[in-house]
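What follows is the content of my_file-v5.cif, which has mmCIF, C-alpha atoms and all ligand atoms:
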data_target
loop_
_atom_site.label_atom_id
_atom_site.label_comp_id
_atom_site.auth_asym_id
_atom_site.auth_seq_id
_atom_site.Cartn_x
_atom_site.Cartn_y
_atom_site.Cartn_z
CA MET D 1 0.00 0.00 0.00
CA ASN D 2 1.27 3.46 -0.89
CA TYR D 3 2.44 5.70 1.93
CA VAL D 4 -0.55 7.72 3.12
CA PHE D 5 0.20 11.32 4.03
CA ASP D 6 -1.31 11.25 7.51
CA ASN D 7 1.41 12.81 9.65
CA ASP D 8 3.34 16.05 9.98
CA LEU D 9 5.90 15.92 12.75
CA HIS D 10 7.75 19.17 12.09
CA ILE D 11 5.60 22.29 12.45
CA HIS D 12 6.52 25.64 13.97
CA SER D 13 4.12 27.85 15.85
CA LYS D 14 4.21 31.60 16.31
CA LEU D 15 6.54 30.98 19.28
CA SER D 16 9.47 30.29 16.93
CA LEU D 17 11.15 33.66 16.49
CA CYS D 18 11.45 33.11 12.73
CA SER D 19 7.65 32.66 12.54
CA ASN D 20 6.33 35.28 14.95
CA ASP D 21 3.07 35.04 13.00
CA PRO D 22 -0.05 35.28 15.19
CA GLU D 23 -1.95 33.30 12.54
CA GLN D 24 0.39 30.34 13.06
CA ASN D 25 -1.24 29.20 16.29
CA CYS D 26 -2.12 25.72 17.57
CA GLU D 27 -5.79 26.06 16.60
CA ARG D 28 -4.84 26.85 13.00
CA ILE D 29 -2.41 23.92 12.97
CA LEU D 30 -5.09 21.60 14.33
CA GLN D 31 -7.44 22.80 11.60
CA TYR D 32 -4.76 21.84 9.04
CA ALA D 33 -4.76 18.31 10.49
CA LYS D 34 -8.54 18.09 10.23
CA ASP D 35 -8.60 19.49 6.68
CA ASN D 36 -6.06 16.90 5.52
CA ASN D 37 -7.16 13.88 7.59
CA LEU D 38 -3.87 13.80 9.45
CA LYS D 39 -3.67 11.34 12.34
CA THR D 40 -0.53 12.63 14.03
CA ILE D 41 0.92 16.11 14.07
CA CYS D 42 3.61 17.66 16.23
CA ILE D 43 4.54 21.18 17.14
CA THR D 44 8.32 21.60 17.02
CA ASP D 45 9.42 25.11 17.88
CA HIS D 46 13.09 26.07 17.79
CA PHE D 47 14.62 25.26 21.16
CA TRP D 48 17.89 25.33 23.05
CA ASP D 49 17.72 23.89 26.55
CA GLU D 50 19.00 26.41 29.10
CA ALA D 51 20.57 23.48 30.99
CA VAL D 52 23.09 23.10 28.13
CA GLU D 53 25.83 25.66 27.50
CA GLY D 54 26.45 26.88 23.99
CA ALA D 55 23.26 28.67 22.90
CA SER D 56 23.57 31.51 20.40
CA ASP D 57 21.81 34.76 21.35
CA TRP D 58 18.93 33.75 19.07
CA TYR D 59 18.56 30.32 20.68
CA ALA D 60 18.98 31.62 24.24
CA LYS D 61 15.61 33.37 23.93
CA GLN D 62 13.95 30.11 22.87
CA ASN D 63 14.34 28.21 26.12
CA PHE D 64 11.97 25.72 27.72
CA GLY D 65 9.74 28.32 29.36
CA HIS D 66 9.36 30.03 25.98
CA ILE D 67 8.19 27.00 24.01
CA LEU D 68 6.08 25.70 26.89
CA ALA D 69 3.68 28.58 26.26
CA ALA D 70 2.20 26.42 23.46
CA LYS D 71 0.63 24.21 26.14
CA PRO D 72 -2.07 23.10 26.64
CA ILE D 73 -2.07 21.73 23.08
CA PRO D 74 -5.62 21.59 21.68
CA GLN D 75 -6.88 18.17 20.67
CA ALA D 76 -9.60 16.88 18.34
CA GLU D 77 -11.13 13.49 17.71
CA GLY D 78 -8.99 11.37 15.42
CA VAL D 79 -5.94 13.65 15.68
CA ARG D 80 -2.96 13.18 18.01
CA PHE D 81 -1.42 16.61 18.45
CA LEU D 82 2.00 16.08 20.03
CA PHE D 83 4.43 18.40 21.77
CA GLY D 84 7.99 18.35 20.44
CA CYS D 85 10.86 20.65 19.62
CA GLU D 86 13.46 21.36 16.95
CA THR D 87 16.70 21.62 18.85
CA GLU D 88 20.15 22.35 17.39
CA LEU D 89 23.64 20.94 17.02
CA ASN D 90 26.31 23.62 17.31
CA LYS D 91 29.77 23.54 15.73
CA HIS D 92 31.19 21.76 18.77
CA LEU D 93 28.63 19.00 18.09
CA THR D 94 26.84 19.88 21.30
CA LEU D 95 23.13 19.10 21.20
CA GLY D 96 20.86 21.78 22.64
CA LEU D 97 18.87 19.33 24.72
CA SER D 98 19.79 17.74 28.04
CA LYS D 99 18.96 14.13 28.89
CA GLU D 100 16.79 15.35 31.77
CA LYS D 101 14.33 16.87 29.29
CA TYR D 102 13.94 13.92 26.88
CA ASP D 103 10.77 12.79 28.67
CA LEU D 104 9.16 16.21 28.36
CA PHE D 105 8.83 15.84 24.59
CA ASP D 106 6.78 13.45 22.49
CA PHE D 107 9.13 13.96 19.54
CA ILE D 108 12.53 15.59 19.04
CA VAL D 109 13.60 17.01 15.68
CA ILE D 110 17.35 17.34 15.21
CA PRO D 111 18.60 19.49 12.36
CA THR D 112 22.13 18.76 11.17
CA THR D 113 22.01 21.09 8.16
CA HIS D 114 21.48 24.63 9.47
CA PHE D 115 24.67 25.66 7.69
CA HIS D 116 23.49 29.26 7.30
CA MET D 117 24.25 30.11 10.94
CA LYS D 118 27.73 31.34 10.17
CA GLY D 119 30.28 30.59 12.85
CA TYR D 120 27.69 28.86 15.04
CA THR D 121 26.86 25.53 13.42
CA LEU D 122 29.96 25.24 11.23
CA THR D 123 33.55 26.31 11.77
CA ASP D 124 35.14 28.70 9.25
CA GLU D 125 37.09 25.74 7.86
CA GLU D 126 33.90 23.78 7.32
CA THR D 127 32.24 26.61 5.40
CA ALA D 128 35.30 27.14 3.15
CA SER D 129 34.23 24.99 0.16
CA THR D 130 31.58 22.64 -1.15
CA GLU D 131 33.94 19.74 -0.31
CA SER D 132 34.25 20.83 3.32
CA ARG D 133 30.49 21.35 3.55
CA ALA D 134 29.90 17.82 2.26
CA LYS D 135 32.31 16.48 4.90
CA ALA D 136 30.48 18.50 7.58
CA TRP D 137 27.17 17.02 6.41
CA VAL D 138 28.50 13.51 7.05
CA LYS D 139 30.24 14.42 10.31
CA ARG D 140 27.18 16.10 11.84
CA PHE D 141 24.77 13.33 10.86
CA GLU D 142 27.17 10.76 12.27
CA ALA D 143 27.57 12.74 15.51
CA VAL D 144 23.82 12.48 16.14
CA LEU D 145 23.82 8.74 15.44
CA ASN D 146 26.62 8.37 17.99
CA MET D 147 24.61 10.04 20.74
CA ASP D 148 22.68 8.27 23.44
CA LEU D 149 19.21 9.40 22.35
CA PRO D 150 15.68 8.00 22.55
CA PHE D 151 15.81 7.31 18.79
CA HIS D 152 12.27 5.92 18.67
CA LYS D 153 11.09 9.52 19.08
CA VAL D 154 13.86 11.36 17.23
CA GLY D 155 13.75 12.65 13.66
CA ILE D 156 16.60 13.93 11.51
CA ALA D 157 15.32 17.11 9.88
CA HIS D 158 15.70 18.31 6.31
CA LEU D 159 18.84 16.44 5.24
CA THR D 160 18.71 18.14 1.84
CA CYS D 161 17.91 21.61 3.10
CA SER D 162 18.96 24.45 0.78
CA LEU D 163 20.63 26.19 3.75
CA ILE D 164 23.52 23.76 3.16
CA ALA D 165 25.21 26.29 0.85
CA PRO D 166 24.83 29.96 -0.09
CA THR D 167 23.75 29.38 -3.71
CA GLN D 168 21.52 26.78 -5.35
CA GLU D 169 24.41 25.67 -7.55
CA GLU D 170 26.72 25.07 -4.58
CA TYR D 171 23.92 23.37 -2.67
CA LEU D 172 23.44 20.77 -5.41
CA GLU D 173 27.19 20.38 -5.65
CA VAL D 174 27.45 19.60 -1.92
CA LEU D 175 24.78 16.92 -2.22
CA LYS D 176 26.59 15.37 -5.20
CA LEU D 177 29.85 15.32 -3.25
CA ILE D 178 28.50 13.11 -0.45
CA PRO D 179 29.88 9.66 -1.35
CA GLN D 180 27.45 6.81 -1.93
CA GLU D 181 29.33 4.52 0.49
CA GLU D 182 29.09 7.13 3.27
CA LEU D 183 25.35 7.44 2.69
CA ILE D 184 24.90 3.69 2.85
CA ARG D 185 26.96 3.51 6.04
CA LEU D 186 25.03 6.32 7.76
CA PHE D 187 21.54 5.30 6.66
CA SER D 188 22.16 1.65 7.56
CA ARG D 189 23.02 2.78 11.09
CA ALA D 190 20.04 5.13 11.17
CA ALA D 191 17.72 2.30 10.16
CA LYS D 192 19.15 0.06 12.87
CA LEU D 193 18.72 2.75 15.53
CA GLY D 194 15.14 3.39 14.41
CA VAL D 195 15.53 7.14 13.98
CA GLY D 196 13.03 8.86 11.68
CA ILE D 197 14.17 10.45 8.42
CA GLU D 198 12.28 13.57 7.47
CA ILE D 199 10.66 14.25 4.13
CA ASN D 200 10.68 18.03 4.39
CA ALA D 201 8.19 19.96 2.28
CA ASP D 202 10.65 22.77 1.51
CA ASP D 203 13.31 20.27 0.41
CA MET D 204 10.81 18.66 -1.95
CA ARG D 205 10.02 21.85 -3.89
CA PHE D 206 12.66 21.19 -6.55
CA SER D 207 12.67 21.57 -10.32
CA GLU D 208 12.76 18.54 -12.59
CA ASP D 209 16.48 19.10 -13.27
CA GLU D 210 17.28 19.01 -9.56
CA ALA D 211 15.14 15.99 -8.65
CA GLU D 212 17.74 13.29 -9.18
CA VAL D 213 20.42 14.93 -7.04
CA ILE D 214 18.05 15.53 -4.13
CA LEU D 215 16.10 12.28 -4.30
CA ARG D 216 19.31 10.19 -4.47
CA ILE D 217 19.79 10.77 -0.74
CA TYR D 218 16.32 9.46 0.17
CA LYS D 219 16.41 6.57 -2.27
CA ILE D 220 19.55 5.31 -0.55
CA ALA D 221 17.92 5.83 2.86
CA LYS D 222 14.93 3.79 1.71
CA GLU D 223 17.13 0.99 0.39
CA CYS D 224 18.90 0.90 3.75
CA GLY D 225 15.58 0.37 5.54
CA CYS D 226 15.05 3.84 7.01
CA LYS D 227 11.56 4.97 8.02
CA PHE D 228 10.18 8.34 6.96
CA TYR D 229 7.91 10.99 8.43
CA CYS D 230 6.56 14.14 6.83
CA GLY D 231 7.63 17.59 8.01
CA SER D 232 6.05 20.69 6.51
CA ASP D 233 8.39 22.83 8.62
CA ALA D 234 5.61 25.39 8.29
CA HIS D 235 6.19 28.76 9.91
CA HIS D 236 3.06 30.33 8.37
CA PRO D 237 -0.40 29.02 7.35
CA LYS D 238 0.46 29.26 3.64
CA SER D 239 2.99 26.45 4.08
CA LEU D 240 0.31 24.31 5.72
CA GLU D 241 -1.98 24.91 2.76
CA ARG D 242 0.49 23.69 0.16
CA ALA D 243 1.94 20.77 2.17
CA LYS D 244 -0.32 17.93 1.00
CA LYS D 245 0.40 18.44 -2.68
CA ILE D 246 4.16 18.55 -2.09
CA PHE D 247 4.19 15.42 0.10
CA GLU D 248 2.06 13.41 -2.27
CA LYS D 249 4.40 14.21 -5.15
CA ALA D 250 7.47 13.28 -3.09
CA ILE D 251 5.85 10.03 -1.92
CA THR D 252 5.16 9.08 -5.55
CA LEU D 253 8.65 10.01 -6.76
CA LEU D 254 10.25 7.97 -3.98
CA GLY D 255 7.79 5.10 -4.30
CA LEU D 256 7.21 5.09 -0.54
CA THR D 257 4.84 2.54 0.93
CA GLU D 258 3.22 2.20 4.34
CA ASP D 259 6.12 -0.09 5.29
CA ASP D 260 8.43 2.90 4.95
CA LYS D 261 6.51 4.97 7.50
CA PHE D 262 8.06 6.13 10.76
CA ILE D 263 5.56 5.46 13.51
CA ILE D 264 5.64 7.50 16.68
ZN ZN X 1 15.36 23.44 10.64
ZN ZN X 2 12.01 23.73 11.41
#

Let's see the structure in the file written out as structure tokens.
Amino acid sequence: MNYVFDNDLHIHSKLSLCSNDPEQNCERILQYAKDNNLKTICITDHFWDEAVEGASDWYAKQNFGHILAAKPIPQAEGVRFLFGCETELNKHLTLGLSKEKYDLFDFIVIPTTHFHMKGYTLTDEETASTESRAKAWVKRFEAVLNMDLPFHKVGIAHLTCSLIAPTQEEYLEVLKLIPQEELIRLFSRAAKLGVGIEINADDMRFSEDEAEVILRIYKIAKECGCKFYCGSDAHHPKSLERAKKIFEKAITLLGLTEDDKFII
């Protein structure tokens, strides 16, 4: 059976400083679930745990008290509306979430590809070239797999995010430079650990020419046995409105089935 788009485990609310959109509230997000027959959705605002050193100024404002304001999360019949977060991995490979807080979240999104945060997520050396960015992609993904995490409720966000490089051309180049054998090695481990791999709506808005380079990553993940969840990464209602169409196209292109679904 084909993968049914019935989940969205990466959604920002107005609490994320890069949203700050009063329209992007939990009620609106719940309405999106109802409109699209989604069974499981999760709010994942940007978060750096104040118990961990190493926040940037931007992350320091998005501490636990800040994202907790989303609670109580509204519920509706037939929809599980979960509470999660999108934390961060800084250039020292420190995760912005302490073990003590794992239980406070239903789902934890870990982004390894926020390469746009100059000097914070990558060292100057790592940003120097497409080759060094490709190496950083591997290193950061591997660092997460090496952590002691509750992988059954962890998702790796937007692995083919365009923030990986400053221009579209360089971005595609970085993806091409990640060796096949490294991808197989990483995704085989990811599959074994049971971590979710995100199909991110923004990542899936590519042109026909770009499709092969971007989809290669996920096709390898699928062959290695990884499980996938959908993540609109919406910061505004307009992203919620277009999500279904994007996911259904990606699901078809990747030939995903219900067996490929990450279940939380
Ligand atoms: Zn992100
Ligand atoms: Zn996000």

- From the list D:Ile184, D:Ile108, D:Ala70, D:Ala201, which residue is nearest Ser239 of chain D when using only C-alpha atoms?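 Result for the nearest residue to Ser239 of chain D: D:Ala201.
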
- Query: Of the residues D:Leu149, D:Tyr218, D:Ser232, D:Val144, which is the one nearest to ligand ZN 2 (chain X), using only C-alpha atoms and all ligand atoms?
  - Reply: D:Ser232

- Kindly work out which residues sit at most 9 Å from ligand ZN 1 (chain X), using only C-alpha atoms and all ligand atoms, and give the list as a PyMOL selection string. chain D and resi 10+46+86-88+109-114+157-158+161+233

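Taking atom CA of Leu122 of chain D and atom CA of His92 of chain D as the two end points, the separation is 8.4 Å.
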
- Just give me the gap between atom CA of Phe83 of chain D and atom CA of Asp148 of chain D in Å, one decimal is fine.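 A separation of 20.9 Å between them.
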
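Near Ile264 of chain D, within 8 Å and counting all atoms listed in the file, sit Phe107, His152 and Lys153 of chain D; same-chain residues fewer than 5 positions away were not included.
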
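Nearest to Lys219 of chain D of all the residues D:Leu183, D:Ala33, D:Ala190, D:Ala243 is D:Leu183, based on only C-alpha atoms.
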
- Taken to one decimal, the atom CA of Asp49 of chain D-atom CA of Pro22 of chain D distance is 24.0 Å

- Message: Restricting the calculation to all atoms listed in the file: of D:Gly231, D:Pro166, D:Pro237, D:Gly225, which residue gets closest to Ile43 of chain D?
- Response: D:Gly231

- Item | Residue neighbourhood Val52 of chain D, 12 Å, only C-alpha atoms, exclusion window fewer than 4 positions, as a list in words | Phe47, Trp48, Ser56, Tyr59, Ala60, Asn63, Phe64, Thr87, Glu88, Leu89, Asn90, Thr94, Leu95, Gly96, Leu97, Ser98, Lys99, Glu100 and Lys101 of chain D

- Message: Just want the 9 Å neighbourhood of Val138 of chain D, counted on all atoms listed in the file, with same-chain residues fewer than 2 positions away dropped. Output as number ranges by chain.
- Response: D: 133-136, 140-143, 178, 182-183, 186

- Task: Would you mind telling me which residue in D:Ile199, D:Ala55, D:Pro74, D:Val174 lies nearest to Thr121 of chain D when using only C-alpha atoms?
- Result: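 Of all the options, D:Ala55 lies closest to Thr121 of chain D.
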